[in-house]
Amino acid sequence: MKSLSEQFLAFAATVAAGLAAGFFYNYYRELRRAFKFRKRATILGDIVFWLVTTAMIFLALLRGNWGEVRLYVFVGLFLGAFFYYWLLSAPVSRFLRFKFQVVKKTWRLFLRCMRIIWTAVLFPFRLIILAVSFPLEFLGTLLKKAGRKFKTAWYNLAGKRIERGLVRARAGLSRLLFWRKGKKEE
């Protein structure tokens, strides 16, 4: 049988585990509220929360009373969580909201700075691309116009004659290849 002081220490360990579980839940709740988790992230967060909380309570039970589960363990966990929500939940929630706002604003500032740096790094390359692409685009436009004029001139010089010759050749081949078209085969 355990002494009264050992039982009191085990009970205090379960109350402390209940306080810690309450804090972890409060932290997770404010984290979800601050970052507006979607359904999958909430499910994943719930799973992680319960795994961490279960492991923490299991370790507290091992250290406090060698893993024995008794009625006072559940009473201690309940009292720890109850006292946390009664005494500490509101101020800790305010602090956590402030903390997450600072984290979000810092992250936005970091992203904005990175965007400015990225733009500054890419600026010389954009100038080079612009300096090269403008003359190439102008040259391409000139070549298209010249190509259209060349195509028209080629068609006027040789294209009409070639086209008439191809039409005559098709007609001649058609007469040779399909001369039996009208007759029935017996």
# chains A, B, ... in the order shown; residues from 1 in each chain; ligands from 1

$ residues_around --residues "segment 74-84 of chain A" --least-positions-apart "4" --cutoff "9 Å" --atoms "only C-alpha atoms" --output "list in words"
Phe11, Ala12, Ala13, Thr14, Val15, Ala16, Ala17, Gly18, Leu19, Ala20, Ala21, Gly22, Phe23, Ile57, Val69, Arg70, Leu88 and Ser89 of chain A

$ atom_distance --atom1 "atom CA of Leu96 of chain A" --atom2 "atom CA of Leu31 of chain A"
8.1 Å

$ atom_distance --atom1 "atom CA of Phe35 of chain A" --atom2 "atom CA of Thr106 of chain A"
13.7 Å

$ closest_atom_pairs --of "segment 21-112 of chain A" --to "segment 117-122 of chain A" --cutoff "12 Å" --atoms "only C-alpha atoms" --output "tab-separated table"
residue	atom	partner	partner_atom	distance
A:Phe110	CA	A:Ile117	CA	10.5
A:Leu111	CA	A:Ile117	CA	9.8
A:Arg112	CA	A:Ile117	CA	8.7
